[in-house]
Every structure is written in structure tokens, then in C-alpha cells.
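Student: Submitted below is the structure of interest, expressed as C-alpha cells.
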Amino acid sequence: MRTLALLGGLFWIAWHLWFIYSGVDYRELGATILAAAAGVALMAAAVFRLRRGAHLGPPGQAGALVLLGGMVAWIAGATLSGLGANWAWLLAIAGEMITTLGLAGLGLGALAEAPRPLWKWIPLFLAPVYFISFTTTGASFPAWAPAYTPEWFGVLYGAGWVLLGVTMPKGVA
């Protein structure tokens with residue numbers, strides 16, 4: 001679980017940094033989105049193992065299930081879109097919305113149970129970071145903000161997964 005979350009976060013960070021520094025137009029991402037999809041697949045595997053483990057009760061498991069559903073929808077939509085199915089971005093966007101709700105649900109569900117170590121707080125803080133990363137554009141921010149502010153929120157989201165991987169207790173799943 002720990003390694004999966006950590007690697008997923010690193011894939012997500014690497015893809016967003018590549019996007020920021022490559023200068024590629026977002027409409028020309030094509031198959032490069034598969035690198036981000038690999039990162040989300042690793043994160044989803046981590047959530048799957050967490051959900052099956054003993055560290056979450058029913059509320060946390062329900063939030064994890066919603067999160068998994070959103071991640072699977074995003075992976076499917078992004079992969080199909082990267083392979084040329086233009087309509088598939090609708091599925092990816094729906095997956096992003098469900099993922100945000102799942103992160104909030106996982107965080108609230110995990111915090112409903114005692115004890116409340118640091119790792120149980122992280123999904124709750126990742127929900128608004130992820131929401132901002134996919135619902136905004138560079139034009140959504142003041143002129144003084146960096147041009148790629150939403151992508152920097154994506155980097156922050158990936159860093160949150162790295163932190164989650166580092167703070168998870170050993171033997172979570």
C-alpha cells in the first residue's frame with residue numbers, strides 16, 4: 001500500500017511537471033496521458049488494498065469505494081481519450097468529480113474512527129486540492145499567479161499521495 005501510493009504520487013507529479021515544462025498544448029496530450037493514468041492506477045491499487053485492510057471501518061471503506069469508482073472512471077476516460085476517442089473526456093471529468101467526493105468521503109470516514117493518525121487526515125486535505133486542479137484554468141487566477149497554477153495544484157496533489165505513502169502505517173494492507 002505504502003509503495004503504491006508513493007509511486008502513484010510520483011508518476012502524477014512527473015506527468016504534471018512534464019506538462020508544465022514541455023510547453024505542449026493540452027489538446028495535444030494524446031497518449032502521454034497514459035503516464036498519468038498509470039499513476040492513478042497505482043493510487044487506485046493502494047486504495048483497493050487499504051479498503052480491504054483492517055485500518056478502515058465501514059465509513060472509511062465506503063469513502064474508499066467511491067474513490068475507487070472515480071479513479072476507475074478517470075483511468076478509462078483518460079486512456080480512451082489518449083487513444084483518440086474525443087468523447088471520453090466526459091468520462092474522465094465525471095471520474096474527477098467522483099474522485100473528489102471519494103477523497104472527502106474517505107477522509108471523513110477515516111476520521112470518524114479512532115485513532116486519528118496523520119494519514120487519515122491527508123485524503124480530506126487532498127479533496128479541495130484535486131478539485132482546484134481540475135476545475136480551474138490559468139485564467140481563473142489573478143494575473144500575478146503562475147500561468148500553470150492548476151497544474152501546480154496537480155503537483156501538490158501528487159505530493160499529497162507521496163506523503164500518504166510515507167505516513168501510512170506498516171502493514172496497512
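Residues are named by chain letter and number: chains run A, B, ... in the order of the C-alpha cells, numbers start at 1 in each chain, and ligands are numbered from 1 in the order shown.
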Can you pull out every residue within 12 Å of Trp152 of chain A, counting only C-alpha atoms, but drop anything in the same chain fewer than 2 positions away, and send it as a ChimeraX atom specification?
Tutor: /A:12-21,129-130,132-134,136-138,145-150,154-159
Student: Which of chain A counts as helix (DSSP H, G or I) under DSSP, as an MDAnalysis selection string please?
Tutor: chainID A and resid 2:22 26:28 30:52 58:82 86:111 118:135 138:140 149:167
Student: Can you tell me, as a list in words, what residues are no more than 7 Å from Leu67 of chain A when counting only C-alpha atoms, ignoring any on the same chain fewer than 4 positions away?
Tutor: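 Close residues of Leu67 of chain A: Gly63, Met71, Ile98, Thr99, Gly102 and Leu103 of chain A.
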Student: Work out how far apart atom CA of Leu83 of chain A and atom CA of Ala31 of chain A are and give it in Å to one decimal.
Tutor: 6.0 Å
Student: Would you pick out the contacts of Leu80 of chain A at 12 Å or less, using only C-alpha atoms, so that residues sharing its chain but fewer than 6 positions from it are not included, and give the list as a ChimeraX atom specification?
Tutor: /A:30-34,37,73-74,86-92
Student: Just to confirm, what's the straight-line distance from atom CA of Pro123 of chain A to atom CA of Met168 of chain A in Å (one decimal)?
Tutor: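 We find that atom CA of Pro123 of chain A and atom CA of Met168 of chain A lie 11.9 Å from each other.
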Student: Have a look at A:Met43, A:Pro142, A:Phe125, A:Lys120 and name the one nearest to Thr167 of chain A; count only C-alpha atoms.
Tutor: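 Of A:Met43, A:Pro142, A:Phe125, A:Lys120, the one nearest Thr167 of chain A is A:Lys120, counting only C-alpha atoms.
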Student: Enter the distance from atom CA of Ala5 of chain A to atom CA of Leu29 of chain A, in Å, rounded to one decimal.
Tutor: 24.2 Å
Student: Just the residues within 12 Å of Leu111 of chain A, please, counting only C-alpha atoms, with nothing from its chain fewer than 2 positions along; format it as a list in words.
Tutor: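 Listing them by chain and then by number gives His55, Leu56, Gly57, Pro58, Pro59, Gly60, Gln61, Gly63, Ala104, Gly105, Leu106, Gly107, Leu108, Gly109, Glu113, Ala114, Pro115, Arg116, Pro117, Leu118, Trp119, Lys120, Trp121, Ile122, Pro123 and Leu124 of chain A.
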Student: Take the selection from the previous step and output its residues with N, CA and C atoms, as an mmCIF file, in the first residue's frame.
Tutor:
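Output file again-v5.cif is given in full below:
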```
data_model
loop_
_atom_site.group_PDB
_atom_site.id
_atom_site.type_symbol
_atom_site.label_atom_id
_atom_site.label_comp_id
_atom_site.auth_asym_id
_atom_site.auth_seq_id
_atom_site.Cartn_x
_atom_site.Cartn_y
_atom_site.Cartn_z
ATOM 1 N N HIS A 55 -7.514 -1.265 8.649
ATOM 2 C CA HIS A 55 -7.320 0.090 9.158
ATOM 3 C C HIS A 55 -8.487 1.027 8.881
ATOM 4 N N LEU A 56 -9.504 0.548 8.195
ATOM 5 C CA LEU A 56 -10.694 1.355 7.930
ATOM 6 C C LEU A 56 -11.936 0.598 8.361
ATOM 7 N N GLY A 57 -12.840 1.310 9.012
ATOM 8 C CA GLY A 57 -14.136 0.750 9.340
ATOM 9 C C GLY A 57 -15.100 0.991 8.188
ATOM 10 N N PRO A 58 -16.373 0.670 8.376
ATOM 11 C CA PRO A 58 -17.357 0.831 7.300
ATOM 12 C C PRO A 58 -17.438 2.241 6.705
ATOM 13 N N PRO A 59 -17.401 3.331 7.496
ATOM 14 C CA PRO A 59 -17.460 4.657 6.859
ATOM 15 C C PRO A 59 -16.263 4.935 5.947
ATOM 16 N N GLY A 60 -15.080 4.591 6.399
ATOM 17 C CA GLY A 60 -13.892 4.788 5.583
ATOM 18 C C GLY A 60 -13.888 3.897 4.350
ATOM 19 N N GLN A 61 -14.372 2.668 4.508
ATOM 20 C CA GLN A 61 -14.438 1.753 3.381
ATOM 21 C C GLN A 61 -15.422 2.254 2.322
ATOM 22 N N GLY A 63 -16.158 5.428 1.708
ATOM 23 C CA GLY A 63 -15.472 6.522 1.019
ATOM 24 C C GLY A 63 -14.423 6.005 0.054
ATOM 25 N N ALA A 104 -13.038 13.100 -0.142
ATOM 26 C CA ALA A 104 -13.704 13.691 1.025
ATOM 27 C C ALA A 104 -14.370 12.605 1.874
ATOM 28 N N GLY A 105 -15.025 11.659 1.208
ATOM 29 C CA GLY A 105 -15.684 10.575 1.936
ATOM 30 C C GLY A 105 -14.699 9.684 2.677
ATOM 31 N N LEU A 106 -13.581 9.370 2.017
ATOM 32 C CA LEU A 106 -12.554 8.565 2.673
ATOM 33 C C LEU A 106 -11.987 9.309 3.874
ATOM 34 N N GLY A 107 -11.688 10.583 3.695
ATOM 35 C CA GLY A 107 -11.137 11.371 4.797
ATOM 36 C C GLY A 107 -12.099 11.465 5.969
ATOM 37 N N LEU A 108 -13.351 11.799 5.685
ATOM 38 C CA LEU A 108 -14.342 11.919 6.767
ATOM 39 C C LEU A 108 -14.625 10.561 7.413
ATOM 40 N N GLY A 109 -14.716 9.526 6.579
ATOM 41 C CA GLY A 109 -14.961 8.184 7.113
ATOM 42 C C GLY A 109 -13.816 7.689 7.977
ATOM 43 N N GLU A 113 -13.304 7.337 12.851
ATOM 44 C CA GLU A 113 -12.812 6.216 13.650
ATOM 45 C C GLU A 113 -11.584 6.652 14.438
ATOM 46 N N ALA A 114 -11.436 6.147 15.603
ATOM 47 C CA ALA A 114 -10.240 6.424 16.404
ATOM 48 C C ALA A 114 -9.294 5.244 16.245
ATOM 49 N N PRO A 115 -8.024 5.420 16.337
ATOM 50 C CA PRO A 115 -7.279 6.666 16.493
ATOM 51 C C PRO A 115 -7.247 7.444 15.179
ATOM 52 N N ARG A 116 -6.775 8.674 15.252
ATOM 53 C CA ARG A 116 -6.746 9.556 14.087
ATOM 54 C C ARG A 116 -5.304 9.986 13.767
ATOM 55 N N PRO A 117 -4.506 9.087 13.228
ATOM 56 C CA PRO A 117 -3.134 9.452 12.870
ATOM 57 C C PRO A 117 -3.128 10.370 11.648
ATOM 58 N N LEU A 118 -1.981 10.916 11.341
ATOM 59 C CA LEU A 118 -1.831 11.872 10.246
ATOM 60 C C LEU A 118 -2.370 11.359 8.925
ATOM 61 N N TRP A 119 -2.114 10.108 8.585
ATOM 62 C CA TRP A 119 -2.506 9.607 7.276
ATOM 63 C C TRP A 119 -4.011 9.663 7.069
ATOM 64 N N LYS A 120 -4.801 9.625 8.128
ATOM 65 C CA LYS A 120 -6.254 9.688 7.979
ATOM 66 C C LYS A 120 -6.739 11.096 7.635
ATOM 67 N N TRP A 121 -5.919 12.115 7.880
ATOM 68 C CA TRP A 121 -6.285 13.491 7.549
ATOM 69 C C TRP A 121 -5.970 13.831 6.094
ATOM 70 N N ILE A 122 -4.994 13.181 5.530
ATOM 71 C CA ILE A 122 -4.487 13.563 4.210
ATOM 72 C C ILE A 122 -5.554 13.514 3.119
ATOM 73 N N PRO A 123 -6.383 12.459 2.994
ATOM 74 C CA PRO A 123 -7.388 12.470 1.919
ATOM 75 C C PRO A 123 -8.351 13.650 2.010
ATOM 76 N N LEU A 124 -8.683 14.052 3.222
ATOM 77 C CA LEU A 124 -9.583 15.184 3.396
ATOM 78 C C LEU A 124 -8.961 16.477 2.867
#
```
Student: From the options A:Ala38, A:Val166, A:Leu101, A:Ala85, which residue's atoms come nearest to Leu65 of chain A, counting only C-alpha atoms?
Tutor: A:Leu101
Student: Which residue gives the smallest distance to Ala44 of chain A among A:Gly84, A:Ala139, A:Leu4, A:Leu164, with only C-alpha atoms counted?
Tutor: A:Leu4
Student: Give me, as a list in words, all polymer residues having an atom no more than 7 Å from Gly8 of chain A, counting only C-alpha atoms and skipping those fewer than 5 positions away in the same chain.
Tutor: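 Everything that qualifies: Gly39, Val40, Leu42 and Met43 of chain A.
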Student: Take the residues that were just selected and, keeping C-alpha atoms, output them as a PDB file, in the first residue's frame.
Tutor:
```
ATOM      1  CA  GLY A  39      -0.075   6.934 -11.669  1.00  0.00           C
ATOM      2  CA  VAL A  40      -3.794   6.865 -10.926  1.00  0.00           C
ATOM      3  CA  LEU A  42      -1.125   2.781  -8.729  1.00  0.00           C
ATOM      4  CA  MET A  43      -3.092   5.091  -6.424  1.00  0.00           C
TER       5      MET A  43
END
```
Student: Which residue, A:Ala62, A:Gly95, A:Arg49, A:Ala41, has the smallest gap to Arg2 of chain A when you use only C-alpha atoms?
Tutor: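 Using only C-alpha atoms, Arg2 of chain A sits closest to A:Arg49.
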Student: Pick the closest to Glu96 of chain A from A:Phe48, A:Trp144, A:Trp161, A:Phe131: which is it, counting only C-alpha atoms?
Tutor: A:Phe131
